[in-house]
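> Just so it is clear, I am handing over data.txt, which has compact mmCIF, N, CA, C and O atoms.
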```txt
# COMPACT_ATOMS: atom_id res chain seq x y z
N MET A 1 -37.78 -6.54 -14.93
CA MET A 1 -37.22 -5.27 -15.33
C MET A 1 -37.42 -5.13 -16.84
O MET A 1 -37.28 -6.08 -17.57
N SER A 2 -37.73 -3.92 -17.28
CA SER A 2 -37.91 -3.71 -18.71
C SER A 2 -36.56 -3.75 -19.42
O SER A 2 -35.52 -3.81 -18.78
N ASP A 3 -36.60 -3.69 -20.75
CA ASP A 3 -35.36 -3.70 -21.52
C ASP A 3 -34.51 -2.47 -21.24
O ASP A 3 -33.30 -2.48 -21.43
N ASN A 4 -35.12 -1.38 -20.83
CA ASN A 4 -34.40 -0.15 -20.54
C ASN A 4 -34.78 0.32 -19.15
O ASN A 4 -35.91 0.71 -18.90
N VAL A 5 -33.82 0.29 -18.24
CA VAL A 5 -34.07 0.65 -16.85
C VAL A 5 -34.58 2.08 -16.72
O VAL A 5 -35.25 2.42 -15.75
N MET A 6 -34.34 2.93 -17.69
CA MET A 6 -34.80 4.32 -17.62
C MET A 6 -36.32 4.41 -17.66
O MET A 6 -36.88 5.43 -17.29
N TYR A 7 -37.00 3.37 -18.11
CA TYR A 7 -38.46 3.38 -18.16
C TYR A 7 -39.09 2.79 -16.90
O TYR A 7 -40.29 2.87 -16.72
N ASP A 8 -38.30 2.17 -16.05
CA ASP A 8 -38.80 1.60 -14.81
C ASP A 8 -38.92 2.69 -13.75
O ASP A 8 -38.11 3.61 -13.69
N SER A 9 -39.90 2.56 -12.87
CA SER A 9 -39.99 3.47 -11.73
C SER A 9 -38.93 3.06 -10.72
O SER A 9 -38.45 1.92 -10.74
N PRO A 10 -38.55 3.95 -9.80
CA PRO A 10 -37.58 3.56 -8.77
C PRO A 10 -38.04 2.34 -7.97
O PRO A 10 -37.24 1.48 -7.65
N THR A 11 -39.32 2.25 -7.71
CA THR A 11 -39.84 1.11 -6.96
C THR A 11 -39.68 -0.18 -7.75
O THR A 11 -39.25 -1.20 -7.21
N GLU A 12 -39.98 -0.15 -9.05
CA GLU A 12 -39.81 -1.33 -9.89
C GLU A 12 -38.35 -1.74 -9.95
O GLU A 12 -38.01 -2.93 -9.86
N PHE A 13 -37.47 -0.76 -10.10
CA PHE A 13 -36.04 -1.03 -10.17
C PHE A 13 -35.56 -1.70 -8.88
O PHE A 13 -34.88 -2.73 -8.92
N LEU A 14 -35.91 -1.13 -7.73
CA LEU A 14 -35.46 -1.70 -6.47
C LEU A 14 -36.06 -3.08 -6.22
O LEU A 14 -35.39 -3.96 -5.67
N HIS A 15 -37.28 -3.31 -6.63
CA HIS A 15 -37.88 -4.64 -6.51
C HIS A 15 -37.10 -5.64 -7.35
O HIS A 15 -36.81 -6.76 -6.91
N ASP A 16 -36.75 -5.26 -8.57
CA ASP A 16 -35.99 -6.15 -9.44
C ASP A 16 -34.61 -6.45 -8.86
O ASP A 16 -34.12 -7.57 -8.95
N VAL A 17 -33.96 -5.43 -8.28
CA VAL A 17 -32.64 -5.64 -7.67
C VAL A 17 -32.77 -6.60 -6.49
O VAL A 17 -31.98 -7.53 -6.36
N ALA A 18 -33.79 -6.40 -5.66
CA ALA A 18 -33.98 -7.25 -4.48
C ALA A 18 -34.26 -8.69 -4.86
O ALA A 18 -33.90 -9.61 -4.13
N SER A 19 -34.90 -8.90 -5.99
CA SER A 19 -35.25 -10.26 -6.39
C SER A 19 -34.30 -10.84 -7.44
O SER A 19 -34.60 -11.84 -8.07
N SER A 20 -33.14 -10.22 -7.57
CA SER A 20 -32.19 -10.63 -8.61
C SER A 20 -31.46 -11.93 -8.30
O SER A 20 -30.80 -12.50 -9.16
N GLY A 21 -31.54 -12.39 -7.06
CA GLY A 21 -30.90 -13.65 -6.71
C GLY A 21 -29.38 -13.60 -6.77
O GLY A 21 -28.74 -14.57 -7.16
N GLY A 22 -28.80 -12.47 -6.40
CA GLY A 22 -27.35 -12.35 -6.37
C GLY A 22 -26.71 -12.04 -7.70
O GLY A 22 -25.50 -12.15 -7.84
N ALA A 23 -27.49 -11.63 -8.67
CA ALA A 23 -26.94 -11.26 -9.98
C ALA A 23 -26.40 -9.83 -9.96
O ALA A 23 -26.77 -9.02 -9.11
N CYS A 24 -25.53 -9.54 -10.89
CA CYS A 24 -24.94 -8.21 -11.00
C CYS A 24 -25.86 -7.28 -11.80
O CYS A 24 -25.58 -6.96 -12.96
N VAL A 25 -26.97 -6.88 -11.21
CA VAL A 25 -27.93 -6.04 -11.92
C VAL A 25 -27.83 -4.57 -11.55
O VAL A 25 -28.35 -3.72 -12.27
N ALA A 26 -27.16 -4.25 -10.44
CA ALA A 26 -27.04 -2.85 -10.03
C ALA A 26 -25.74 -2.65 -9.24
O ALA A 26 -25.40 -3.46 -8.39
N GLN A 27 -25.06 -1.56 -9.55
CA GLN A 27 -23.85 -1.20 -8.83
C GLN A 27 -24.05 0.20 -8.26
O GLN A 27 -24.77 1.01 -8.82
N SER A 28 -23.37 0.49 -7.16
CA SER A 28 -23.46 1.81 -6.56
C SER A 28 -22.07 2.36 -6.31
O SER A 28 -21.12 1.62 -6.04
N VAL A 29 -21.96 3.68 -6.42
CA VAL A 29 -20.73 4.41 -6.10
C VAL A 29 -21.18 5.57 -5.22
O VAL A 29 -21.74 6.55 -5.71
N ILE A 30 -20.97 5.44 -3.91
CA ILE A 30 -21.53 6.38 -2.95
C ILE A 30 -20.40 7.12 -2.22
O ILE A 30 -19.49 6.49 -1.68
N PRO A 31 -20.47 8.46 -2.19
CA PRO A 31 -19.44 9.23 -1.47
C PRO A 31 -19.53 8.99 0.03
O PRO A 31 -20.63 8.82 0.59
N THR A 32 -18.38 8.97 0.68
CA THR A 32 -18.31 8.82 2.14
C THR A 32 -17.89 10.14 2.76
O THR A 32 -17.47 11.07 2.06
N ASP A 33 -17.97 10.22 4.07
CA ASP A 33 -17.62 11.44 4.79
C ASP A 33 -16.14 11.79 4.68
O ASP A 33 -15.76 12.94 4.82
N ASN A 34 -15.29 10.80 4.44
CA ASN A 34 -13.85 11.06 4.41
C ASN A 34 -13.32 11.35 3.00
O ASN A 34 -12.12 11.37 2.78
N GLY A 35 -14.23 11.54 2.03
CA GLY A 35 -13.81 11.91 0.69
C GLY A 35 -13.56 10.76 -0.25
O GLY A 35 -13.19 10.96 -1.41
N THR A 36 -13.75 9.53 0.20
CA THR A 36 -13.60 8.38 -0.68
C THR A 36 -14.99 7.96 -1.18
O THR A 36 -15.99 8.58 -0.83
N TYR A 37 -15.02 6.91 -1.97
CA TYR A 37 -16.28 6.40 -2.52
C TYR A 37 -16.40 4.92 -2.23
O TYR A 37 -15.48 4.16 -2.51
N ARG A 38 -17.53 4.53 -1.67
CA ARG A 38 -17.80 3.12 -1.40
C ARG A 38 -18.55 2.56 -2.61
O ARG A 38 -19.59 3.08 -3.00
N CYS A 39 -18.01 1.52 -3.19
CA CYS A 39 -18.57 0.92 -4.40
C CYS A 39 -19.01 -0.50 -4.08
O CYS A 39 -18.28 -1.23 -3.42
N ALA A 40 -20.20 -0.87 -4.56
CA ALA A 40 -20.72 -2.21 -4.28
C ALA A 40 -21.63 -2.66 -5.40
O ALA A 40 -22.04 -1.87 -6.24
N CYS A 41 -21.93 -3.95 -5.39
CA CYS A 41 -22.76 -4.56 -6.42
C CYS A 41 -23.89 -5.35 -5.76
O CYS A 41 -23.73 -5.87 -4.65
N SER A 42 -25.00 -5.46 -6.47
CA SER A 42 -26.14 -6.22 -5.97
C SER A 42 -25.84 -7.70 -5.81
O SER A 42 -26.57 -8.41 -5.11
N CYS A 43 -24.77 -8.18 -6.42
CA CYS A 43 -24.40 -9.59 -6.26
C CYS A 43 -23.90 -9.90 -4.85
O CYS A 43 -23.79 -11.05 -4.47
N GLU A 44 -23.57 -8.86 -4.10
CA GLU A 44 -23.05 -8.96 -2.74
C GLU A 44 -21.69 -9.65 -2.66
O GLU A 44 -21.26 -10.07 -1.59
N GLN A 45 -21.00 -9.77 -3.77
CA GLN A 45 -19.68 -10.39 -3.81
C GLN A 45 -18.58 -9.38 -4.11
O GLN A 45 -17.41 -9.74 -4.20
N TRP A 46 -18.96 -8.12 -4.31
CA TRP A 46 -17.99 -7.10 -4.71
C TRP A 46 -18.26 -5.82 -3.95
O TRP A 46 -19.37 -5.27 -3.98
N GLN A 47 -17.25 -5.35 -3.21
CA GLN A 47 -17.32 -4.08 -2.51
C GLN A 47 -15.90 -3.56 -2.37
O GLN A 47 -15.02 -4.27 -1.87
N ILE A 48 -15.69 -2.31 -2.82
CA ILE A 48 -14.37 -1.70 -2.74
C ILE A 48 -14.53 -0.24 -2.34
O ILE A 48 -15.64 0.30 -2.31
N THR A 49 -13.41 0.40 -2.06
CA THR A 49 -13.37 1.84 -1.81
C THR A 49 -12.40 2.45 -2.80
O THR A 49 -11.31 1.90 -3.04
N THR A 50 -12.81 3.57 -3.42
CA THR A 50 -11.94 4.26 -4.37
C THR A 50 -11.79 5.72 -3.93
O THR A 50 -12.54 6.21 -3.08
N THR A 51 -10.83 6.40 -4.55
CA THR A 51 -10.59 7.80 -4.19
C THR A 51 -11.36 8.77 -5.07
O THR A 51 -11.49 9.94 -4.71
N THR A 52 -11.87 8.30 -6.22
CA THR A 52 -12.65 9.17 -7.09
C THR A 52 -13.90 8.45 -7.58
O THR A 52 -13.94 7.23 -7.66
N ARG A 53 -14.90 9.23 -7.93
CA ARG A 53 -16.14 8.68 -8.49
C ARG A 53 -15.86 7.98 -9.81
O ARG A 53 -16.36 6.88 -10.06
N ASP A 54 -15.04 8.61 -10.66
CA ASP A 54 -14.73 8.01 -11.95
C ASP A 54 -14.04 6.66 -11.81
O ASP A 54 -14.34 5.72 -12.55
N GLU A 55 -13.15 6.53 -10.84
CA GLU A 55 -12.49 5.25 -10.62
C GLU A 55 -13.50 4.21 -10.14
O GLU A 55 -13.46 3.05 -10.54
N GLY A 56 -14.42 4.62 -9.28
CA GLY A 56 -15.46 3.71 -8.83
C GLY A 56 -16.32 3.21 -9.97
O GLY A 56 -16.62 2.02 -10.07
N LEU A 57 -16.72 4.11 -10.87
CA LEU A 57 -17.51 3.72 -12.03
C LEU A 57 -16.72 2.78 -12.94
O LEU A 57 -17.25 1.80 -13.45
N HIS A 58 -15.44 3.09 -13.12
CA HIS A 58 -14.58 2.23 -13.95
C HIS A 58 -14.46 0.83 -13.34
O HIS A 58 -14.58 -0.18 -14.05
N GLN A 59 -14.24 0.77 -12.04
CA GLN A 59 -14.11 -0.53 -11.38
C GLN A 59 -15.43 -1.31 -11.44
O GLN A 59 -15.42 -2.54 -11.58
N ALA A 60 -16.57 -0.63 -11.36
CA ALA A 60 -17.86 -1.30 -11.49
C ALA A 60 -18.01 -1.90 -12.88
O ALA A 60 -18.50 -3.02 -13.04
N ARG A 61 -17.54 -1.16 -13.90
CA ARG A 61 -17.61 -1.69 -15.27
C ARG A 61 -16.71 -2.91 -15.42
O ARG A 61 -17.06 -3.88 -16.10
N ILE A 62 -15.54 -2.86 -14.79
CA ILE A 62 -14.65 -4.03 -14.83
C ILE A 62 -15.33 -5.22 -14.14
O ILE A 62 -15.33 -6.33 -14.66
N HIS A 63 -15.94 -4.96 -12.99
CA HIS A 63 -16.61 -6.03 -12.25
C HIS A 63 -17.69 -6.71 -13.10
O HIS A 63 -17.84 -7.93 -13.06
N THR A 64 -18.44 -5.94 -13.85
CA THR A 64 -19.54 -6.52 -14.64
C THR A 64 -19.11 -6.94 -16.03
O THR A 64 -19.92 -7.43 -16.81
N GLY A 65 -17.83 -6.74 -16.36
CA GLY A 65 -17.35 -7.14 -17.67
C GLY A 65 -17.71 -6.15 -18.77
O GLY A 65 -17.71 -6.52 -19.94
N ASN A 66 -18.00 -4.91 -18.40
CA ASN A 66 -18.38 -3.89 -19.37
C ASN A 66 -17.33 -2.80 -19.56
O ASN A 66 -17.64 -1.74 -20.09
N ALA A 67 -16.11 -3.05 -19.13
CA ALA A 67 -15.05 -2.05 -19.28
C ALA A 67 -14.54 -2.06 -20.71
O ALA A 67 -14.47 -3.10 -21.36
N THR A 68 -14.21 -0.88 -21.20
CA THR A 68 -13.66 -0.77 -22.54
C THR A 68 -12.17 -0.55 -22.49
O THR A 68 -11.62 -0.12 -21.53
```
Give the structure from this file in structure tokens form.

Amino acid sequence: MSDNVMYDSPTEFLHDVASSGGACVAQSVIPTDNGTYRCACSCEQWQITTTTRDEGLHQARIHTGNAT
């Protein structure tokens, strides 16, 4: 992965995530049909459900140690 993920193509990014070996390189916050958000990490050790997108993003930052 390059120093800035914004310069990677989606294919490069997904390849890097798949080969990360369980590292916390990508988190997702995906809306569900019932109005909640499913949040997960590429490390496969963290998955939660939140009621708002902002809370999901905040919890992802806490998970990776990037919360302010």
> Report the distance between atom N of Glu44 in chain A and CA of Gln27 in chain A in Å, rounded to one decimal place.
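Value for the atom N of Glu44 in chain A-CA of Gln27 in chain A distance: 9.0 Å.
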> Fewer than 3 positions away in the same chain doesn't count, so skip those; otherwise give me all residues within 12 Å of Thr36 in chain A, counting only C-alpha atoms, as a ChimeraX atom specification.
/A:29-33,39,48-56
> Quick one: DSSP helix (DSSP H, G or I) residues in chain A, as a list in words?
Val5, Met6, Tyr7, Pro10, Thr11, Glu12, Phe13, Leu14, His15, Asp16, Val17, Ala18, Arg53, Asp54, Glu55, Gly56, Leu57, His58, Gln59, Ala60, Arg61, Ile62, His63 and Thr64 of chain A
> In terms of the shortest atom-to-atom distance over all atoms listed in the file, which of A:Gln59, A:Ser42, A:Thr68, A:Thr11 is closest to Val25 in chain A?
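Under the stated criterion, the closest residue is A:Ser42.
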> In Å to one decimal, how far is CA of Ala18 in chain A from CA of Gly35 in chain A?
28.3 Å
> What gap, in Å, lies between CA of Trp46 in chain A and atom O of His58 in chain A?
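These atoms are spaced 12.1 Å apart.
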> Name the residues of chain A that fall into strand (DSSP E or B) according to DSSP on the backbone, using the chain letters and numbers of this document, as a list in words.
Gln27, Ser28, Val29, Ile30, Pro31, Tyr37, Arg38, Cys39, Ala40, Cys41, Gln47, Ile48, Thr49 and Thr50 of chain A
> Please, which residues are within 8 Å of (-28.5, -4.9, -9.8) by the file's coordinates, counting only N, CA, C and O atoms, and could they come as an MDAnalysis selection string?
chainID A and resid 13 16:18 20 22:28 40:43
